[in-house]
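Participant: Pasting entry-v6.cif here (mmCIF, C-alpha atoms and all ligand atoms):
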```cif
data_upload
#
loop_
_atom_site.group_PDB
_atom_site.id
_atom_site.type_symbol
_atom_site.label_atom_id
_atom_site.label_comp_id
_atom_site.auth_asym_id
_atom_site.auth_seq_id
_atom_site.Cartn_x
_atom_site.Cartn_y
_atom_site.Cartn_z
ATOM 1 C CA MET A 1 66.998 95.350 48.416
ATOM 2 C CA GLY A 2 67.445 92.185 50.377
ATOM 3 C CA CYS A 3 71.015 92.081 49.113
ATOM 4 C CA LEU A 4 71.702 95.657 50.265
ATOM 5 C CA GLN A 5 70.385 94.909 53.750
ATOM 6 C CA GLY A 6 72.660 91.930 53.855
ATOM 7 C CA LYS A 7 75.673 94.106 52.957
ATOM 8 C CA GLU A 8 74.761 96.731 55.555
ATOM 9 C CA LYS A 9 74.560 94.005 58.155
ATOM 10 C CA GLU A 10 77.954 92.699 57.115
ATOM 11 C CA ALA A 11 79.399 96.203 57.289
ATOM 12 C CA GLU A 12 77.941 96.737 60.753
ATOM 13 C CA GLU A 13 79.421 93.472 61.961
ATOM 14 C CA ALA A 14 82.768 94.418 60.455
ATOM 15 C CA VAL A 15 82.745 97.719 62.343
ATOM 16 C CA VAL A 16 81.907 95.957 65.581
ATOM 17 C CA THR A 17 84.622 93.359 65.189
ATOM 18 C CA GLU A 18 87.210 95.944 64.126
ATOM 19 C CA LEU A 19 86.734 98.175 67.183
ATOM 20 C CA PRO A 20 89.908 98.073 69.291
ATOM 21 C CA GLU A 21 89.474 96.020 72.424
ATOM 22 C CA SER A 22 89.372 98.386 75.403
ATOM 23 C CA LYS A 23 92.591 97.915 77.362
ATOM 24 C CA PRO A 24 92.264 97.126 81.081
ATOM 25 C CA LYS A 25 92.949 100.324 83.026
ATOM 26 C CA GLN A 26 96.438 100.554 84.459
ATOM 27 C CA VAL A 27 97.573 102.090 87.745
ATOM 28 C CA ASP A 28 100.391 104.625 87.447
ATOM 29 C CA PRO A 29 103.447 102.632 88.608
ATOM 30 C CA ARG A 30 104.387 105.413 91.066
ATOM 31 C CA LEU A 31 101.244 104.625 93.067
ATOM 32 C CA PRO A 32 101.437 101.759 95.563
ATOM 33 C CA PHE A 33 98.426 99.809 94.209
ATOM 34 C CA ASP A 34 98.846 96.419 92.553
ATOM 35 C CA THR A 35 95.579 96.517 90.616
ATOM 36 C CA TYR A 36 93.267 99.148 89.220
ATOM 37 C CA ARG A 37 90.480 97.527 91.251
ATOM 38 C CA GLN A 38 92.267 98.514 94.518
ATOM 39 C CA LEU A 39 92.472 102.141 93.425
ATOM 40 C CA PHE A 40 88.860 102.067 92.216
ATOM 41 C CA ASN A 41 87.655 100.662 95.554
ATOM 42 C CA LEU A 42 89.720 103.188 97.482
ATOM 43 C CA ARG A 43 88.243 106.048 95.470
ATOM 44 C CA ASN A 44 84.763 104.756 96.286
ATOM 45 C CA SER A 45 85.550 104.553 100.003
ATOM 46 C CA TRP A 46 87.105 108.010 99.856
ATOM 47 C CA LYS A 47 83.779 109.475 98.641
ATOM 48 C CA THR A 48 82.294 108.694 102.077
ATOM 49 C CA VAL A 49 85.294 110.242 103.837
ATOM 50 C CA ALA A 50 85.054 113.323 101.581
ATOM 51 C CA ARG A 51 81.372 113.768 102.467
ATOM 52 C CA ASN A 52 82.395 113.772 106.141
ATOM 53 C CA LEU A 53 85.722 115.529 105.664
ATOM 54 C CA THR A 54 85.575 118.089 108.484
ATOM 55 C CA GLU A 55 84.458 115.591 111.140
ATOM 56 C CA THR A 56 86.966 112.955 110.038
ATOM 57 C CA SER A 57 89.797 115.535 109.964
ATOM 58 C CA LYS A 58 88.981 116.768 113.464
ATOM 59 C CA ASP A 59 88.711 113.203 114.762
ATOM 60 C CA CYS A 60 92.163 112.415 113.322
ATOM 61 C CA LEU A 61 93.849 115.463 114.896
ATOM 62 C CA ILE A 62 92.105 114.890 118.257
ATOM 63 C CA ARG A 63 93.410 111.299 118.292
ATOM 64 C CA TYR A 64 96.897 112.485 117.313
ATOM 65 C CA LEU A 65 97.026 115.186 119.994
ATOM 66 C CA LYS A 66 95.730 112.759 122.640
ATOM 67 C CA LYS A 67 98.853 110.708 121.934
ATOM 68 C CA TYR A 68 101.168 113.719 121.576
ATOM 69 C CA PRO A 69 99.691 116.569 123.682
ATOM 70 C CA GLU A 70 103.062 118.345 123.556
ATOM 71 C CA HIS A 71 102.519 118.928 119.783
ATOM 72 C CA LYS A 72 99.439 121.081 120.429
ATOM 73 C CA ALA A 73 101.649 124.132 120.883
ATOM 74 C CA MET A 74 102.835 123.877 117.256
ATOM 75 C CA TYR A 75 99.364 124.651 115.930
ATOM 76 C CA ARG A 76 98.351 128.314 115.797
ATOM 77 C CA GLY A 77 95.566 129.094 118.252
ATOM 78 C CA CYS A 78 95.376 125.565 119.643
ATOM 79 C CA ALA A 79 97.759 125.616 122.613
ATOM 80 C CA ASN A 80 95.011 126.492 125.094
ATOM 81 C CA LEU A 81 92.408 123.998 123.910
ATOM 82 C CA GLU A 82 92.106 121.875 127.031
ATOM 83 C CA ASP A 83 89.870 118.998 125.961
ATOM 84 C CA GLU A 84 88.137 117.295 123.055
ATOM 85 C CA GLU A 85 85.044 119.456 123.384
ATOM 86 C CA ALA A 86 87.075 122.670 123.131
ATOM 87 C CA MET A 87 88.921 121.272 120.098
ATOM 88 C CA ARG A 88 85.716 120.339 118.273
ATOM 89 C CA ALA A 89 84.277 123.831 118.865
ATOM 90 C CA SER A 90 87.395 125.777 117.811
ATOM 91 C CA THR A 91 87.793 127.316 114.346
ATOM 92 C CA SER A 92 91.593 127.388 114.756
ATOM 93 C CA PHE A 93 91.477 123.675 115.426
ATOM 94 C CA GLU A 94 89.337 123.046 112.351
ATOM 95 C CA ASN A 95 91.773 125.139 110.276
ATOM 96 C CA ALA A 96 94.630 123.000 111.540
ATOM 97 C CA ALA A 97 92.841 119.684 110.993
ATOM 98 C CA VAL A 98 91.168 120.095 107.596
ATOM 99 C CA PRO A 99 94.250 120.791 105.370
ATOM 100 C CA VAL A 100 95.528 117.257 106.049
ATOM 101 C CA PHE A 101 92.409 115.626 104.609
ATOM 102 C CA ASN A 102 92.067 118.252 101.876
ATOM 103 C CA LEU A 103 95.470 117.199 100.628
ATOM 104 C CA PHE A 104 94.382 113.528 100.550
ATOM 105 C CA ASP A 105 91.266 114.656 98.701
ATOM 106 C CA ASP A 106 93.431 116.377 96.051
ATOM 107 C CA VAL A 107 95.512 113.218 95.705
ATOM 108 C CA MET A 108 92.410 111.065 95.227
ATOM 109 C CA GLU A 109 91.086 113.537 92.693
ATOM 110 C CA ASN A 110 94.360 113.321 90.750
ATOM 111 C CA SER A 111 95.075 109.621 91.140
ATOM 112 C CA GLU A 112 95.150 109.387 87.326
ATOM 113 C CA ASN A 113 97.326 112.530 87.019
ATOM 114 C CA VAL A 114 100.108 111.508 89.344
ATOM 115 C CA ASP A 115 102.446 114.382 88.351
ATOM 116 C CA ILE A 116 99.820 116.805 89.606
ATOM 117 C CA ALA A 117 99.164 114.743 92.749
ATOM 118 C CA ILE A 118 102.900 114.697 93.588
ATOM 119 C CA ALA A 119 103.193 118.463 92.994
ATOM 120 C CA GLN A 120 100.237 119.031 95.347
ATOM 121 C CA ILE A 121 101.827 116.849 98.021
ATOM 122 C CA GLY A 122 105.035 118.888 97.668
ATOM 123 C CA MET A 123 103.085 122.120 98.205
ATOM 124 C CA GLY A 124 101.346 120.615 101.245
ATOM 125 C CA ALA A 125 104.686 119.529 102.709
ATOM 126 C CA THR A 126 106.452 122.898 102.381
ATOM 127 C CA PRO A 127 104.756 124.731 105.310
ATOM 128 C CA HIS A 128 106.157 122.090 107.695
ATOM 129 C CA LYS A 129 109.703 123.362 106.981
ATOM 130 C CA LYS A 130 108.863 126.524 108.876
ATOM 131 C CA ILE A 131 107.348 124.811 111.934
ATOM 132 C CA LYS A 132 109.776 124.978 114.807
ATOM 133 C CA GLY A 133 110.549 121.513 116.142
ATOM 134 C CA PHE A 134 108.721 119.639 113.357
ATOM 135 C CA ARG A 135 110.166 116.203 112.525
ATOM 136 C CA THR A 136 109.314 113.826 109.690
ATOM 137 C CA ASP A 137 108.740 111.039 112.293
ATOM 138 C CA TYR A 138 105.555 112.916 113.220
ATOM 139 C CA LEU A 139 104.141 112.170 109.780
ATOM 140 C CA LYS A 140 104.609 108.442 110.440
ATOM 141 C CA ALA A 141 103.090 108.850 113.896
ATOM 142 C CA MET A 142 99.893 110.224 112.356
ATOM 143 C CA GLU A 143 99.201 106.997 110.423
ATOM 144 C CA GLU A 144 97.286 105.298 113.266
ATOM 145 C CA PRO A 145 95.096 108.336 114.121
ATOM 146 C CA PHE A 146 94.387 108.696 110.376
ATOM 147 C CA ILE A 147 93.364 105.048 110.003
ATOM 148 C CA GLU A 148 91.276 105.114 113.186
ATOM 149 C CA ALA A 149 89.429 108.268 112.097
ATOM 150 C CA VAL A 150 88.717 106.804 108.639
ATOM 151 C CA SER A 151 87.508 103.539 110.206
ATOM 152 C CA VAL A 152 84.998 105.414 112.385
ATOM 153 C CA THR A 153 83.674 107.310 109.350
ATOM 154 C CA LEU A 154 83.371 104.180 107.192
ATOM 155 C CA GLY A 155 81.888 101.957 109.924
ATOM 156 C CA ASP A 156 80.983 98.502 108.514
ATOM 157 C CA ARG A 157 82.480 99.455 105.158
ATOM 158 C CA PHE A 158 85.958 99.548 106.716
ATOM 159 C CA THR A 159 87.007 96.007 105.759
ATOM 160 C CA ASP A 160 90.546 94.572 105.877
ATOM 161 C CA PRO A 161 91.233 95.239 102.167
ATOM 162 C CA THR A 162 89.915 98.804 102.629
ATOM 163 C CA GLU A 163 92.289 99.308 105.540
ATOM 164 C CA GLN A 164 95.213 98.048 103.437
ATOM 165 C CA ASN A 165 94.302 100.477 100.644
ATOM 166 C CA PHE A 166 94.135 103.424 103.056
ATOM 167 C CA ARG A 167 97.473 102.484 104.598
ATOM 168 C CA LYS A 168 99.029 102.335 101.122
ATOM 169 C CA LEU A 169 97.585 105.743 100.305
ATOM 170 C CA TYR A 170 98.810 107.232 103.596
ATOM 171 C CA GLN A 171 102.315 105.834 103.167
ATOM 172 C CA PHE A 172 102.515 107.086 99.582
ATOM 173 C CA VAL A 173 101.545 110.613 100.648
ATOM 174 C CA ILE A 174 103.983 110.834 103.544
ATOM 175 C CA GLN A 175 106.781 109.292 101.477
ATOM 176 C CA GLU A 176 106.306 112.086 98.913
ATOM 177 C CA MET A 177 106.083 114.681 101.711
ATOM 178 C CA ILE A 178 109.347 113.443 103.204
ATOM 179 C CA LYS A 179 111.018 113.655 99.762
ATOM 180 C CA ALA A 180 109.720 117.219 99.368
ATOM 181 C CA LEU A 181 111.075 118.088 102.819
ATOM 182 C CA GLY A 182 114.552 116.936 101.750
ATOM 183 C CA GLY A 183 114.510 113.528 103.474
ATOM 184 C CA GLU A 184 113.980 112.240 106.999
ATOM 185 C CA THR A 185 114.836 114.490 109.948
ATOM 186 C CA PRO A 186 118.079 113.102 111.470
ATOM 187 C CA PRO A 187 117.766 111.499 114.926
ATOM 188 C CA GLU A 188 117.968 113.883 117.853
ATOM 189 C CA GLU A 189 121.180 114.023 119.894
ATOM 190 C CA PRO A 190 120.636 111.872 122.989
ATOM 191 C CA GLN A 191 119.730 114.438 125.647
ATOM 192 C CA VAL A 192 121.541 112.702 128.541
ATOM 193 C CA GLU A 193 124.885 112.653 126.722
ATOM 194 C CA ALA A 194 124.549 116.311 125.762
ATOM 195 C CA ASP A 195 123.822 117.231 129.402
ATOM 196 C CA LYS A 196 126.795 115.209 130.642
ATOM 197 C CA GLU A 197 129.117 117.068 128.284
ATOM 198 C CA SER A 198 127.985 120.417 129.571
ATOM 199 C CA LEU A 199 128.599 119.419 133.207
ATOM 200 C CA PRO A 200 132.004 120.342 134.650
ATOM 201 C CA THR A 201 134.400 117.398 134.924
ATOM 202 C CA ASP A 202 135.777 116.348 138.339
ATOM 203 C CA GLN A 203 139.032 118.101 137.443
ATOM 204 C CA GLU A 204 137.244 121.375 136.651
ATOM 205 C CA ASP A 205 135.387 121.006 139.922
ATOM 206 C CA VAL A 206 138.689 120.640 141.818
ATOM 207 C CA GLN A 207 140.180 123.635 139.999
ATOM 208 C CA ILE A 208 137.200 125.774 140.949
ATOM 209 C CA LYS A 209 137.638 124.793 144.611
ATOM 210 C CA LEU A 210 141.357 125.622 144.531
HETATM 211 C C1 LIG B 1 99.867 113.177 106.216
HETATM 212 C C2 LIG B 1 100.019 114.020 107.186
HETATM 213 C C3 LIG B 1 99.944 115.516 107.048
HETATM 214 C C4 LIG B 1 99.489 116.273 106.020
HETATM 215 C C5 LIG B 1 98.924 115.805 104.697
HETATM 216 C C6 LIG B 1 99.630 117.668 106.438
HETATM 217 C C7 LIG B 1 99.266 118.758 105.671
HETATM 218 C C8 LIG B 1 99.401 120.058 106.050
HETATM 219 C C9 LIG B 1 99.098 121.181 105.229
HETATM 220 C C10 LIG B 1 98.575 121.107 103.794
HETATM 221 C C11 LIG B 1 99.356 122.292 105.961
HETATM 222 C C12 LIG B 1 99.223 123.736 105.475
HETATM 223 C C13 LIG B 1 98.004 124.369 106.025
HETATM 224 C C14 LIG B 1 97.815 125.750 105.477
HETATM 225 O O1 LIG B 1 98.705 126.582 105.614
HETATM 226 O O2 LIG B 1 96.768 125.968 104.891
HETATM 227 C C15 LIG B 1 99.819 121.866 107.254
HETATM 228 C C16 LIG B 1 100.156 122.716 108.284
HETATM 229 C C17 LIG B 1 100.642 122.286 109.490
HETATM 230 N N1 LIG B 1 100.942 120.986 109.848
HETATM 231 FE FE1 LIG B 1 100.608 119.371 108.756
HETATM 232 N N2 LIG B 1 100.163 117.704 107.692
HETATM 233 C C18 LIG B 1 100.378 116.419 108.091
HETATM 234 C C19 LIG B 1 100.894 115.987 109.273
HETATM 235 C C20 LIG B 1 101.298 116.820 110.283
HETATM 236 C C21 LIG B 1 101.805 116.356 111.544
HETATM 237 C C22 LIG B 1 101.981 114.893 111.954
HETATM 238 C C23 LIG B 1 102.071 117.436 112.280
HETATM 239 C C24 LIG B 1 102.611 117.328 113.689
HETATM 240 C C25 LIG B 1 102.857 118.234 114.504
HETATM 241 C C26 LIG B 1 101.732 118.620 111.484
HETATM 242 C C27 LIG B 1 101.835 119.930 111.863
HETATM 243 C C28 LIG B 1 101.413 120.990 111.134
HETATM 244 C C29 LIG B 1 101.389 122.348 111.646
HETATM 245 C C30 LIG B 1 101.818 122.785 113.048
HETATM 246 C C31 LIG B 1 100.914 123.160 110.614
HETATM 247 C C32 LIG B 1 100.696 124.674 110.675
HETATM 248 C C33 LIG B 1 99.308 124.834 111.160
HETATM 249 C C34 LIG B 1 99.050 126.237 111.570
HETATM 250 O O3 LIG B 1 98.963 127.068 110.670
HETATM 251 O O4 LIG B 1 98.961 126.462 112.741
HETATM 252 N N3 LIG B 1 101.275 118.183 110.260
HETATM 253 N N4 LIG B 1 99.837 120.500 107.289
#
```
Could you express the structure from this file as structure tokens?
Facilitator:
Amino acid sequence: MGCLQGKEKEAEEAVVTELPESKPKQVDPRLPFDTYRQLFNLRNSWKTVARNLTETSKDCLIRYLKKYPEHKAMYRGCANLEDEEAMRASTSFENAAVPVFNLFDDVMENSENVDIAIAQIGMGATPHKKIKGFRTDYLKAMEEPFIEAVSVTLGDRFTDPTEQNFRKLYQFVIQEMIKALGGETPPEEPQVEADKESLPTDQEDVQIKL
């Protein structure tokens, strides 16, 4: 009896020691995070943003359009929204603001299924092809409004490492959007030069007078 118990104990110990050591979790190398801890922390911070998704989205677009009021006309039903109060109250504005953060939410959800995350970013990028006057520089220009809106939502929890993680996330998403849009929009023709070319030359002017 005593002997059997001893054997069972040995067997139990053997099972315990033979269990494979759990490997430290790895970040998919396509993501911009150096350690799994960074991604884990970001996902935790994101939970707070996700709980306040509509407000944070609106705050981001309000900040963006304060900097670039001329871009308001691109958004359906938003051209006549005069001030922040009108923007916050408008359903069209909410419908324009929320898809941005919904896409980040999908990416966070699929941060361990990066193929799916990249496919979702591609689908989110496609509608921008049809927006008249849209340029990929605008995606870069939204980084600061995005970070500011997230910082307001997170309050004290928005530490320096958190900010770095959010910037990495933002840059990853827009880099994939730009790829899906076929690369960066080429620089615009300098307006002054174009205008000069269309002006009549002195010679033409003389000919007209003659
Ligand atoms: C990371 C940044 C951005 C993300 C993730 C994003 C995402 C999206 C998504 C998913 C849609 C599709 C909405 C839908 O049809 O349901 C959309 C539409 C749109 N986006 Fe973006 N966007 C971003 C930045 C920008 C910027 C900087 C502009 C600047 C003008 C912009 C302008 C628009 C416009 C005009 C629409 C159409 C909205 C409408 O239907 O009126 N987006 N965006």
Participant: When you count all atoms listed in the file, which of these residues is closest to ligand LIG 1 (chain B): A:Pro69, A:Pro29, A:Pro187, A:Pro161?
Facilitator: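 Among the listed residues, the smallest separation from ligand LIG 1 (chain B) belongs to A:Pro69.
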Participant: For the contact check between chain A and ligand LIG 1 (chain B), emit one row per residue of chain A within 8 Å, containing the shortest atom pair and the distance in Å rounded to one decimal, counting only C-alpha atoms and all ligand atoms, chain then rising number order, as a tab-separated table.
Facilitator:
```
residue	atom	partner	partner_atom	distance
A:Tyr64	CA	B:LIG1	C22	7.8
A:His71	CA	B:LIG1	C25	5.3
A:Lys72	CA	B:LIG1	C25	7.4
A:Ala73	CA	B:LIG1	C30	8.0
A:Met74	CA	B:LIG1	C30	4.5
A:Tyr75	CA	B:LIG1	O4	3.7
A:Arg76	CA	B:LIG1	O4	3.6
A:Gly77	CA	B:LIG1	O4	7.0
A:Cys78	CA	B:LIG1	O4	7.8
A:Ser92	CA	B:LIG1	O4	7.7
A:Asn95	CA	B:LIG1	O2	7.4
A:Ala96	CA	B:LIG1	C33	5.0
A:Ala97	CA	B:LIG1	N4	8.0
A:Pro99	CA	B:LIG1	C10	4.6
A:Val100	CA	B:LIG1	C5	3.9
A:Phe101	CA	B:LIG1	C5	6.5
A:Asn102	CA	B:LIG1	C10	7.4
A:Leu103	CA	B:LIG1	C5	5.5
A:Phe104	CA	B:LIG1	C5	6.6
A:Ile121	CA	B:LIG1	C5	7.4
A:Met123	CA	B:LIG1	C10	7.3
A:Gly124	CA	B:LIG1	C10	3.8
A:Ala125	CA	B:LIG1	C7	6.2
A:Thr126	CA	B:LIG1	C12	7.9
A:Pro127	CA	B:LIG1	C12	5.6
A:His128	CA	B:LIG1	N1	5.7
A:Ile131	CA	B:LIG1	C30	6.0
A:Phe134	CA	B:LIG1	C25	6.1
A:Arg135	CA	B:LIG1	C24	7.7
A:Thr136	CA	B:LIG1	C22	7.7
A:Asp137	CA	B:LIG1	C22	7.8
A:Tyr138	CA	B:LIG1	C22	4.3
A:Leu139	CA	B:LIG1	C22	4.1
A:Lys140	CA	B:LIG1	C22	7.1
A:Ala141	CA	B:LIG1	C22	6.4
A:Met142	CA	B:LIG1	C22	5.1
A:Glu143	CA	B:LIG1	C1	7.5
A:Tyr170	CA	B:LIG1	C1	6.6
A:Val173	CA	B:LIG1	C1	6.4
A:Ile174	CA	B:LIG1	C1	5.4
A:Met177	CA	B:LIG1	C1	7.8
```
Participant: Which residue out of A:Phe40, A:Phe33, A:Trp46, A:Phe172 has the minimum interatomic distance to A:Ala117 when only C-alpha atoms are used?
Facilitator: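 Closest to A:Ala117 of all the choices is A:Phe172.
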Participant: Which residues come within 12 Å of A:Lys66, counting only C-alpha atoms, excluding same-chain residues fewer than 2 positions away, as a list in words?
Facilitator: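 After dropping sequence-adjacent residues, the list is Asp59, Cys60, Leu61, Ile62, Arg63, Tyr64, Tyr68, Pro69, Glu70, His71, Lys72, Leu81, Glu82, Asp83, Glu84, Met87, Met142 and Pro145 of chain A.
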Participant: For A:Glu55, please output as a ChimeraX atom specification all residues within 10 Å (counting only C-alpha atoms; exclusion window: fewer than 6 positions along the same chain).
Facilitator: /A:49,88,94,97-98,149,153
Participant: In Å, rounded to a single decimal, give me how far atom CA of A:Arg51 is from atom CA of A:Phe158.
Facilitator: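 Here the two named atoms are 15.5 Å from each other.
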Participant: Any idea what the distance is between atom CA of A:Glu144 and atom CA of A:Thr35?
Facilitator: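 These two atoms are separated by 24.4 Å.
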Participant: Between A:Gln175, A:Leu65, A:Gln38, A:Met108, which residue has the minimum interatomic distance to A:Ala79, considering all atoms listed in the file?
Facilitator: A:Leu65
Participant: When the PyMOL selection byres (((chain A and resi 114) around 12) and not hetatm) is applied to the structure above, which residues does it catch, written out as number ranges by chain?
Facilitator: A: 27-32, 106-113, 115-121, 172-173, 176
Participant: Kindly indicate which residue among A:Asn165, A:Leu181, A:Glu189, A:Gln26 lies nearest to A:Leu42, using only C-alpha atoms for the distances.
Facilitator: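 Looking at the shortest contact to A:Leu42, the residue is A:Asn165.
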Participant: Atom CA of A:Gly155 and atom CA of A:Thr54, how far apart in Å?
Facilitator: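 So the answer is 16.6 Å.
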